[in-house]
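Enquirer: This is coords.txt, which holds compact mmCIF, C-alpha atoms and all ligand atoms:
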```
# COMPACT_ATOMS: atom_id res chain seq x y z
CA MET B 385 -181.82 -232.62 -76.59
CA THR B 386 -182.46 -232.05 -80.29
CA LYS B 387 -181.41 -234.79 -82.71
CA ILE B 388 -177.85 -234.52 -84.00
CA THR B 389 -177.29 -235.16 -87.70
CA ASN B 390 -173.78 -233.85 -87.89
CA LEU B 391 -170.94 -233.74 -85.36
CA SER B 392 -170.26 -230.08 -86.20
CA GLN B 393 -173.56 -229.24 -84.50
CA LEU B 394 -171.86 -230.42 -81.31
CA GLY B 395 -168.82 -228.23 -81.94
CA TRP B 396 -166.64 -230.73 -83.83
CA ARG B 397 -164.09 -228.89 -86.00
CA PRO B 398 -160.69 -229.27 -87.69
CA PHE B 399 -158.89 -228.66 -84.37
CA PHE B 400 -160.20 -232.03 -83.10
CA GLN B 401 -160.22 -233.80 -86.46
CA GLN B 402 -156.49 -233.13 -86.79
CA GLN B 403 -155.83 -235.03 -83.58
CA LEU B 404 -157.05 -238.31 -85.09
CA SER B 405 -154.82 -240.95 -86.66
CA LEU B 406 -155.92 -243.35 -89.39
CA THR B 407 -156.38 -246.04 -86.76
CA ASP B 408 -158.55 -243.66 -84.73
CA TYR B 409 -160.76 -243.18 -87.79
CA ASP B 410 -161.13 -246.93 -88.24
CA GLU B 411 -161.49 -248.01 -84.67
CA SER B 412 -163.09 -245.19 -82.70
CA VAL B 413 -165.85 -242.61 -82.61
CA PRO B 414 -165.72 -239.09 -81.16
CA ALA B 415 -168.28 -237.95 -78.61
CA ARG B 416 -168.70 -234.86 -76.48
CA VAL B 417 -169.35 -234.76 -72.73
CA VAL B 418 -172.72 -233.08 -72.24
CA GLU B 419 -173.49 -233.98 -68.63
CA GLN B 420 -171.30 -234.62 -65.66
CA HIS B 421 -172.38 -236.73 -62.69
CA ARG B 422 -170.47 -238.10 -59.74
CA ASN B 423 -169.85 -241.56 -61.21
CA GLN B 424 -170.68 -241.21 -64.85
CA LEU B 425 -170.73 -238.91 -67.82
CA VAL B 426 -173.35 -238.51 -70.49
CA LEU B 427 -171.86 -238.05 -73.94
CA ARG B 428 -173.35 -237.15 -77.29
CA GLY B 429 -172.06 -238.45 -80.58
CA GLU B 430 -173.48 -239.12 -84.02
CA SER B 431 -175.20 -242.26 -82.76
CA GLY B 432 -176.97 -240.47 -79.92
CA GLU B 433 -176.53 -240.46 -76.17
CA ILE B 434 -173.88 -242.62 -74.50
CA VAL B 435 -173.42 -243.13 -70.78
CA LEU B 436 -169.81 -243.61 -69.73
CA ALA B 437 -168.98 -244.87 -66.25
CA LEU B 438 -166.02 -243.03 -64.73
CA HIS B 439 -162.94 -245.07 -63.94
CA PRO B 440 -159.86 -244.01 -61.93
CA SER B 441 -157.65 -244.77 -64.92
CA MET B 442 -159.33 -242.01 -66.94
CA PRO B 443 -157.98 -238.45 -66.95
CA ALA B 444 -160.09 -235.75 -65.30
CA LEU B 445 -162.96 -235.12 -67.70
CA CYS B 446 -165.36 -232.24 -67.83
CA VAL B 447 -168.44 -230.98 -69.59
CA GLY B 448 -167.40 -229.78 -73.04
CA ASP B 449 -164.61 -232.35 -73.51
CA TRP B 450 -164.30 -234.37 -76.69
CA VAL B 451 -163.28 -237.99 -76.18
CA LEU B 452 -162.68 -240.97 -78.43
CA LEU B 453 -164.58 -244.16 -77.70
CA ASP B 454 -164.05 -247.59 -79.21
CA LYS B 455 -166.81 -249.38 -81.07
CA GLN B 456 -168.06 -250.84 -77.76
CA HIS B 457 -168.25 -247.29 -76.42
CA GLN B 458 -165.36 -247.78 -74.04
CA PHE B 459 -163.13 -244.77 -73.32
CA VAL B 460 -160.03 -244.56 -75.53
CA ARG B 461 -158.63 -241.09 -74.93
CA LEU B 462 -159.33 -237.45 -74.29
CA LEU B 463 -158.78 -235.03 -77.16
CA GLU B 464 -156.77 -231.88 -76.56
CA ARG B 465 -158.89 -228.88 -75.50
CA PHE B 466 -158.73 -225.47 -77.15
CA SER B 467 -159.99 -223.71 -74.07
CA GLU B 468 -160.26 -224.72 -70.46
CA PHE B 469 -162.18 -223.06 -67.70
CA SER B 470 -161.13 -223.89 -64.18
CA ARG B 471 -161.13 -222.36 -60.77
CA LYS B 472 -159.69 -223.01 -57.41
CA ALA B 473 -162.36 -225.09 -55.68
CA ALA B 474 -164.76 -223.05 -53.57
CA GLY B 475 -164.16 -223.22 -49.83
CA SER B 476 -160.91 -224.11 -48.16
CA GLY B 477 -159.51 -226.77 -50.55
CA LEU B 478 -156.89 -225.59 -52.97
CA GLU B 479 -157.47 -228.07 -55.77
CA LYS B 480 -157.99 -226.63 -59.22
CA GLN B 481 -161.42 -227.63 -60.43
CA LEU B 482 -162.34 -227.99 -64.10
CA ILE B 483 -165.56 -226.14 -64.80
CA ALA B 484 -166.00 -226.33 -68.56
CA THR B 485 -163.87 -226.94 -71.62
CA ASN B 486 -163.84 -226.12 -75.32
CA LEU B 487 -165.76 -222.90 -74.87
CA ASP B 488 -165.76 -220.40 -77.74
CA ALA B 489 -167.19 -217.44 -75.86
CA VAL B 490 -168.12 -216.53 -72.33
CA PHE B 491 -170.79 -213.91 -71.79
CA VAL B 492 -169.77 -211.97 -68.71
CA VAL B 493 -173.05 -210.61 -67.43
CA MET B 494 -173.43 -207.60 -65.17
CA SER B 495 -176.54 -205.56 -64.61
CA LEU B 496 -176.72 -201.80 -64.99
CA ASN B 497 -178.18 -201.41 -61.51
CA GLN B 498 -176.56 -201.83 -58.08
CA ASP B 499 -174.55 -204.86 -59.29
CA PHE B 500 -172.50 -202.63 -61.63
CA LYS B 501 -168.89 -202.73 -60.47
CA LEU B 502 -165.85 -202.42 -62.74
CA SER B 503 -163.57 -204.27 -60.33
CA ARG B 504 -165.85 -207.31 -60.37
CA LEU B 505 -165.84 -207.23 -64.15
CA GLU B 506 -162.03 -207.18 -64.17
CA ARG B 507 -162.01 -210.23 -61.92
CA TYR B 508 -164.33 -212.13 -64.29
CA LEU B 509 -162.31 -210.97 -67.29
CA THR B 510 -159.10 -212.25 -65.70
CA LEU B 511 -160.69 -215.68 -65.34
CA VAL B 512 -162.11 -215.74 -68.87
CA ASN B 513 -158.96 -214.37 -70.48
CA GLU B 514 -157.02 -217.23 -68.89
CA THR B 515 -159.19 -219.85 -70.62
CA GLY B 516 -158.67 -219.12 -74.29
CA ALA B 517 -162.37 -218.32 -74.82
CA GLN B 518 -163.52 -214.90 -75.98
CA ALA B 519 -165.09 -212.67 -73.35
CA VAL B 520 -168.21 -210.73 -74.31
CA ILE B 521 -169.51 -208.24 -71.75
CA VAL B 522 -173.29 -208.12 -71.51
CA LEU B 523 -174.74 -205.26 -69.47
CA THR B 524 -178.33 -206.18 -68.59
CA LYS B 525 -181.34 -204.24 -67.31
CA ARG B 526 -180.68 -201.27 -69.56
CA ASP B 527 -184.42 -200.56 -69.33
CA LEU B 528 -183.95 -199.86 -65.60
CA CYS B 529 -180.98 -197.53 -66.02
CA ASP B 530 -180.95 -193.80 -66.86
CA ASP B 531 -177.27 -193.68 -67.53
CA VAL B 532 -176.60 -196.51 -70.00
CA ASP B 533 -174.15 -194.66 -72.27
CA SER B 534 -171.90 -193.44 -69.51
CA LEU B 535 -171.76 -196.84 -67.75
CA GLN B 536 -171.14 -198.60 -71.05
CA ALA B 537 -168.34 -196.12 -71.82
CA GLN B 538 -166.74 -196.89 -68.44
CA VAL B 539 -166.65 -200.58 -69.36
CA GLN B 540 -165.34 -199.91 -72.85
CA ALA B 541 -162.58 -197.77 -71.32
CA LEU B 542 -161.18 -200.92 -69.66
CA ASP B 543 -160.16 -202.09 -73.11
CA PRO B 544 -161.07 -200.48 -76.44
CA LEU B 545 -161.18 -203.91 -78.10
CA LEU B 546 -163.57 -205.41 -75.56
CA GLN B 547 -166.99 -206.47 -76.88
CA VAL B 548 -169.55 -204.63 -74.75
CA ILE B 549 -173.29 -204.91 -75.32
CA ALA B 550 -176.04 -203.29 -73.24
CA VAL B 551 -179.37 -205.13 -73.38
CA ASN B 552 -182.80 -205.55 -71.91
CA GLY B 553 -182.71 -209.29 -71.37
CA LEU B 554 -186.48 -209.53 -71.49
CA ASP B 555 -186.63 -208.16 -75.03
CA SER B 556 -185.58 -210.62 -77.74
CA GLU B 557 -184.78 -207.84 -80.24
CA SER B 558 -182.43 -206.20 -77.77
CA ILE B 559 -180.40 -209.39 -77.35
CA ALA B 560 -180.07 -210.03 -81.12
CA PRO B 561 -176.35 -209.02 -81.18
CA LEU B 562 -175.59 -211.91 -78.81
CA ARG B 563 -176.64 -214.36 -81.51
CA ASP B 564 -173.42 -213.65 -83.41
CA TRP B 565 -171.60 -215.75 -80.83
CA CYS B 566 -174.26 -218.48 -80.72
CA LYS B 567 -174.05 -219.85 -84.24
CA GLU B 568 -174.20 -223.57 -84.94
CA GLY B 569 -171.39 -225.49 -83.28
CA GLN B 570 -170.31 -222.54 -81.11
CA THR B 571 -170.16 -223.23 -77.39
CA VAL B 572 -170.99 -220.39 -75.03
CA ALA B 573 -171.33 -219.96 -71.29
CA PHE B 574 -172.70 -217.23 -69.08
CA MET B 575 -171.08 -216.00 -65.91
CA GLY B 576 -172.00 -213.28 -63.47
CA SER B 577 -173.51 -212.73 -60.07
CA SER B 578 -176.84 -214.17 -59.07
CA GLY B 579 -179.83 -212.16 -60.23
CA VAL B 580 -178.08 -210.24 -63.01
CA GLY B 581 -180.26 -211.94 -65.61
CA LYS B 582 -178.29 -214.90 -67.00
CA SER B 583 -181.27 -217.27 -67.13
CA THR B 584 -183.39 -214.50 -68.62
CA LEU B 585 -180.87 -214.01 -71.44
CA ILE B 586 -180.68 -217.72 -72.08
CA ASN B 587 -184.46 -218.01 -72.24
CA SER B 588 -184.70 -215.03 -74.57
CA LEU B 589 -182.02 -216.51 -76.83
CA GLN B 590 -183.88 -219.80 -76.88
CA GLY B 591 -187.23 -218.15 -77.41
CA GLN B 592 -188.57 -220.44 -74.72
CA GLN B 593 -188.23 -221.21 -71.04
CA LEU B 594 -185.13 -223.41 -70.72
CA LEU B 595 -183.98 -222.34 -67.30
CA ALA B 596 -185.93 -221.24 -64.26
CA THR B 597 -185.53 -217.57 -63.41
CA SER B 598 -185.69 -216.29 -59.89
CA GLY B 599 -187.69 -213.31 -58.83
CA ILE B 600 -185.27 -211.01 -57.07
CA ARG B 601 -185.69 -208.07 -54.79
CA GLU B 602 -184.67 -205.26 -57.09
CA ASP B 603 -184.05 -202.94 -54.12
CA ASP B 604 -180.84 -204.62 -52.99
CA SER B 605 -179.92 -206.58 -56.17
CA LYS B 606 -179.65 -209.75 -54.10
CA GLY B 607 -180.67 -212.83 -56.01
CA ARG B 608 -181.63 -216.30 -55.02
CA HIS B 609 -179.57 -219.03 -56.56
CA THR B 610 -181.51 -221.11 -59.08
CA THR B 611 -178.90 -222.57 -61.42
CA THR B 612 -177.66 -225.92 -60.13
CA THR B 613 -176.73 -228.49 -62.79
CA ARG B 614 -173.62 -228.64 -64.98
CA SER B 615 -174.50 -229.56 -68.52
CA LEU B 616 -174.29 -228.66 -72.19
CA HIS B 617 -177.50 -227.96 -74.13
CA LEU B 618 -178.09 -227.64 -77.81
CA MET B 619 -179.97 -224.37 -78.26
CA ALA B 620 -182.83 -224.31 -80.72
CA GLY B 621 -181.36 -223.73 -84.19
CA SER B 622 -178.15 -222.31 -82.80
CA GLY B 623 -175.12 -222.95 -80.64
CA LEU B 624 -174.39 -224.95 -77.54
CA LEU B 625 -175.02 -223.55 -74.14
CA MET B 626 -172.77 -224.51 -71.26
CA ASP B 627 -174.78 -224.31 -68.09
CA THR B 628 -172.42 -224.10 -65.12
CA PRO B 629 -173.52 -223.62 -61.54
CA GLY B 630 -173.12 -220.19 -59.95
CA MET B 631 -169.59 -218.93 -59.67
CA ARG B 632 -169.96 -216.37 -56.97
CA GLU B 633 -167.09 -217.68 -54.89
CA LEU B 634 -164.46 -216.95 -57.47
CA GLN B 635 -160.86 -217.13 -56.43
CA LEU B 636 -157.97 -216.72 -58.75
CA ALA B 637 -155.18 -219.25 -59.08
CA ASP B 638 -152.72 -219.81 -61.92
CA VAL B 639 -154.18 -216.98 -63.97
CA GLN B 640 -151.02 -215.10 -64.92
CA THR B 641 -152.02 -215.03 -68.58
CA GLY B 642 -155.52 -213.84 -67.70
CA LEU B 643 -154.11 -211.00 -65.60
CA SER B 644 -151.65 -209.98 -68.30
CA THR B 645 -154.41 -209.87 -70.92
CA THR B 646 -156.92 -208.06 -68.72
CA PHE B 647 -154.42 -205.48 -67.49
CA ALA B 648 -152.27 -205.37 -70.61
CA GLU B 649 -151.64 -201.60 -70.45
CA ILE B 650 -150.41 -201.79 -66.82
CA GLU B 651 -148.07 -204.68 -67.62
CA ALA B 652 -146.76 -202.76 -70.65
CA LEU B 653 -146.04 -199.72 -68.44
CA ALA B 654 -144.38 -201.95 -65.83
CA LYS B 655 -141.95 -203.25 -68.45
CA GLN B 656 -140.64 -199.70 -68.93
CA CYS B 657 -139.87 -199.02 -65.23
CA ARG B 658 -136.24 -198.20 -64.52
CA PHE B 659 -135.77 -201.20 -62.23
CA ASN B 660 -136.89 -204.60 -63.43
CA ASN B 661 -137.95 -205.58 -59.91
CA CYS B 662 -139.94 -202.34 -59.47
CA SER B 663 -142.89 -202.81 -57.10
CA HIS B 664 -144.60 -199.74 -58.63
CA GLN B 665 -145.04 -198.11 -55.24
CA SER B 666 -142.51 -195.32 -54.82
CA GLU B 667 -139.39 -196.30 -56.78
CA PRO B 668 -137.73 -193.64 -58.95
CA GLY B 669 -138.35 -194.09 -62.67
CA CYS B 670 -141.60 -196.04 -62.13
CA CYS B 671 -143.71 -195.70 -65.29
CA VAL B 672 -146.81 -197.06 -63.56
CA GLN B 673 -146.73 -194.34 -60.91
CA ALA B 674 -145.99 -191.76 -63.64
CA ALA B 675 -149.09 -192.86 -65.59
CA LEU B 676 -151.12 -192.60 -62.40
CA ALA B 677 -149.81 -189.07 -61.76
CA ASN B 678 -150.61 -187.83 -65.27
CA GLY B 679 -154.10 -189.35 -65.23
CA GLU B 680 -153.41 -191.94 -67.94
CA LEU B 681 -154.14 -194.70 -65.42
CA ASP B 682 -156.76 -194.58 -62.70
CA GLN B 683 -156.22 -195.48 -59.07
CA ARG B 684 -159.18 -197.86 -58.89
CA ARG B 685 -157.88 -199.97 -61.77
CA LEU B 686 -154.31 -200.05 -60.45
CA SER B 687 -155.48 -201.01 -56.94
CA ASN B 688 -157.64 -203.77 -58.36
CA TYR B 689 -154.70 -205.03 -60.45
CA PHE B 690 -152.52 -205.19 -57.32
CA LYS B 691 -155.30 -206.90 -55.39
CA LEU B 692 -155.97 -209.56 -58.05
CA ALA B 693 -152.24 -210.11 -58.66
CA ARG B 694 -151.70 -210.63 -54.90
CA GLU B 695 -154.64 -213.00 -54.69
CA GLN B 696 -153.46 -215.03 -57.67
CA ALA B 697 -149.87 -215.17 -56.35
CA LEU B 698 -151.04 -216.36 -52.96
CA ASN B 699 -153.41 -219.00 -54.31
CA SER B 700 -150.95 -220.20 -56.91
CA ALA B 701 -148.24 -220.57 -54.26
CA SER B 702 -150.61 -222.66 -52.13
CA LEU B 703 -151.49 -224.77 -55.16
CA ALA B 704 -147.83 -225.27 -56.00
CA GLN B 705 -147.14 -226.26 -52.40
CA LYS B 706 -149.98 -228.75 -52.46
CA ARG B 707 -148.81 -230.21 -55.77
CA ALA B 708 -145.26 -230.59 -54.42
CA LYS B 709 -146.64 -232.31 -51.33
CA ASP B 710 -148.79 -234.67 -53.44
CA LYS B 711 -145.81 -235.44 -55.64
CA ALA B 712 -143.59 -236.18 -52.63
CA LEU B 713 -146.31 -238.39 -51.14
CA GLY B 714 -146.76 -240.21 -54.45
CA LYS B 715 -143.02 -240.80 -54.62
CA MET B 716 -143.00 -242.11 -51.06
CA TYR B 717 -145.88 -244.52 -51.79
CA ARG B 718 -144.10 -245.77 -54.89
CA THR B 719 -140.84 -246.28 -52.96
CA VAL B 720 -142.68 -248.14 -50.20
CA GLN B 721 -144.56 -250.25 -52.74
CA GLY B 722 -141.33 -250.98 -54.62
CA GLU B 723 -139.60 -252.02 -51.41
CA SER B 724 -142.39 -254.35 -50.38
CA GLN B 725 -142.51 -255.91 -53.87
CA ARG B 726 -138.74 -256.40 -53.82
CA ARG B 727 -139.02 -257.97 -50.39
CA LYS B 728 -141.81 -260.31 -51.60
CA LYS B 729 -139.73 -261.30 -54.58
CA GLY B 730 -136.85 -261.91 -52.18
CA TYR B 731 -134.30 -259.43 -53.64
N1 LIG E 1 -186.21 -205.09 -66.23
C1 LIG E 1 -185.36 -206.09 -66.47
N2 LIG E 1 -185.40 -207.16 -65.67
C2 LIG E 1 -184.51 -208.18 -65.93
C3 LIG E 1 -183.58 -208.10 -66.99
N3 LIG E 1 -182.85 -209.23 -66.97
C4 LIG E 1 -183.33 -209.98 -65.96
N4 LIG E 1 -184.33 -209.36 -65.31
C5 LIG E 1 -185.08 -209.84 -64.12
O1 LIG E 1 -184.13 -210.06 -63.06
C6 LIG E 1 -184.49 -211.19 -62.28
C7 LIG E 1 -183.33 -212.16 -62.14
O2 LIG E 1 -183.02 -212.70 -63.43
P1 LIG E 1 -182.42 -214.16 -63.63
O3 LIG E 1 -182.36 -214.37 -65.10
O4 LIG E 1 -183.12 -215.18 -62.82
O5 LIG E 1 -180.96 -213.98 -63.02
P2 LIG E 1 -179.73 -215.05 -63.03
O6 LIG E 1 -178.51 -214.27 -63.32
O7 LIG E 1 -180.03 -216.18 -63.92
O8 LIG E 1 -179.72 -215.51 -61.51
P3 LIG E 1 -179.14 -216.90 -60.89
O9 LIG E 1 -179.86 -218.02 -61.55
O10 LIG E 1 -179.46 -216.73 -59.46
O11 LIG E 1 -177.67 -216.91 -61.15
C8 LIG E 1 -185.73 -211.76 -62.93
O12 LIG E 1 -186.85 -211.30 -62.23
C9 LIG E 1 -185.70 -211.21 -64.35
O13 LIG E 1 -186.99 -211.07 -64.90
C10 LIG E 1 -183.57 -206.91 -67.80
O14 LIG E 1 -182.74 -206.74 -68.74
N5 LIG E 1 -184.48 -205.94 -67.49
ZN ZN E 2 -142.78 -199.44 -61.54
```
Before we go any further, please render this structure as structure tokens.

Expert:
Amino acid sequence: MTKITNLSQLGWRPFFQQQLSLTDYDESVPARVVEQHRNQLVLRGESGEIVLALHPSMPALCVGDWVLLDKQHQFVRLLERFSEFSRKAAGSGLEKQLIATNLDAVFVVMSLNQDFKLSRLERYLTLVNETGAQAVIVLTKRDLCDDVDSLQAQVQALDPLLQVIAVNGLDSESIAPLRDWCKEGQTVAFMGSSGVGKSTLINSLQGQQLLATSGIREDDSKGRHTTTTRSLHLMAGSGLLMDTPGMRELQLADVQTGLSTTFAEIEALAKQCRFNNCSHQSEPGCCVQAALANGELDQRRLSNYFKLAREQALNSASLAQKRAKDKALGKMYRTVQGESQRRKKGY
């Protein structure tokens, strides 16, 4: 990693500064988590790289976090995050897993070939909009597409305020607009299916080969997975790149805010329905169904909204159930422990 001369290069800003007390200034130093391993974290601060062994007493930490360390480089505390990216763990477990924190922007990457699917984009947007980071849609492989304008317009129609950029990831001039989000101290991440061209974009932004790219079979858009580590890199002369492993198995949990932001116009219509418990199926006075009938809202988008809302409700309920169970178990352990201590002390 390039030498740091100033904490702002690592993303330090007033938001974090304001969390420090006078004592913190005197007795501690801030550092950012740049690599995450099973038993330890690698941090970067003004004095260089610091390895911090994980301890059960520490809160859950993640790549992107800012922490305070004492002069001996022992953990003091975690600083509040301005954005937090998490997902329900892949597979059967229902734990929420921190993926990355303190992200300024997330490039949601989709290619303009067979991978192009508005519903997938809405799913990614729901996740990003939940985090507090800005979503920027990057449509890649424009050089392979005959219909760029119409596909780009379809994406823009999801939300007129959405940032949508169509690029040829292999051409550094074409990706120039992305640099606006990669200025010094800005932290960005890329998400999107395998093979859409994330590594290619990153390499073009860097002007050098930072990540391995996989040759894919263009005929079926299926990619091989090449991104494996979770780390934060300082890009040459620019921002910080959060490199997170593939997120193909995305499931939504606790993303009510993300859904409301992504489908803002549907939620606004729903608020005007005659009945406040309207299910927007066939009730009289349903403004959502009315918008569908007059063509203001399209069926694909509404169906996807229902699908994602159902998925998030189901996963969130399972998470809540698990949390309640953990809490009850914790309480039971504490009661048992308390009893045995009281017995030992002879009360
Ligand atoms: N023609 C063209 N090819 C591209 C473009 N972007 C990426 N590619 C090619 O698509 C293939 C896959 O690109 P990668 O950058 O490895 O894709 P990725 O999203 O990083 O894939 P994973 O690491 O599997 O997540 C490579 O052969 C790239 O050269 C583009 O804009 N135009
Ligand atoms: Zn309704």

Enquirer: CA of Gly642 (chain B) and CA of Gln402 (chain B) are how many Å apart?

Expert: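 If I compute the distance from CA of Gly642 (chain B) to CA of Gln402 (chain B), I get 27.2 Å.
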
Enquirer: Kindly work out which residues sit at most 6 Å from ligand ZN 2 (chain E), using only C-alpha atoms and all ligand atoms, and give the list as a PyMOL selection string.

Expert: chain B and resi 654+657+662-664+670-672

Enquirer: If you take every atom of ligand LIG 1 (chain E) that the file lists and fit an axis-aligned box around them with 8 Å extra on each side, what centre and edge lengths come out in Å to one decimal, as JSON?

Expert:
```
{"center_x": -182.3, "center_y": -211.6, "center_z": -64.1, "size_x": 25.3, "size_y": 28.9, "size_z": 25.3}
```

Enquirer: May I ask for the distance between CA of Ser405 (chain B) and CA of Ser470 (chain B), given in Å to one decimal place?

Expert: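 Calculated distance between CA of Ser405 (chain B) and CA of Ser470 (chain B) is 28.9 Å.
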
Enquirer: Using only C-alpha atoms, which residue out of B:Val417, B:Cys529, B:Val451, B:Ala517 lies closest to Phe466 (chain B)?

Expert: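 Once distances to Phe466 (chain B) are computed over only C-alpha atoms, the minimum belongs to B:Ala517.
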
Enquirer: Between B:Gly679, B:Gly553, B:Pro668, B:Gly569, which is the closest to ligand LIG 1 (chain E) once you count only C-alpha atoms and all ligand atoms?

Expert: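 The answer is B:Gly553, which sits nearest to ligand LIG 1 (chain E).
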
Enquirer: May I ask for the distance between CA of Leu653 (chain B) and CA of Arg685 (chain B), given in Å to one decimal place?

Expert: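 Separating CA of Leu653 (chain B) from CA of Arg685 (chain B) is a distance of 13.6 Å.
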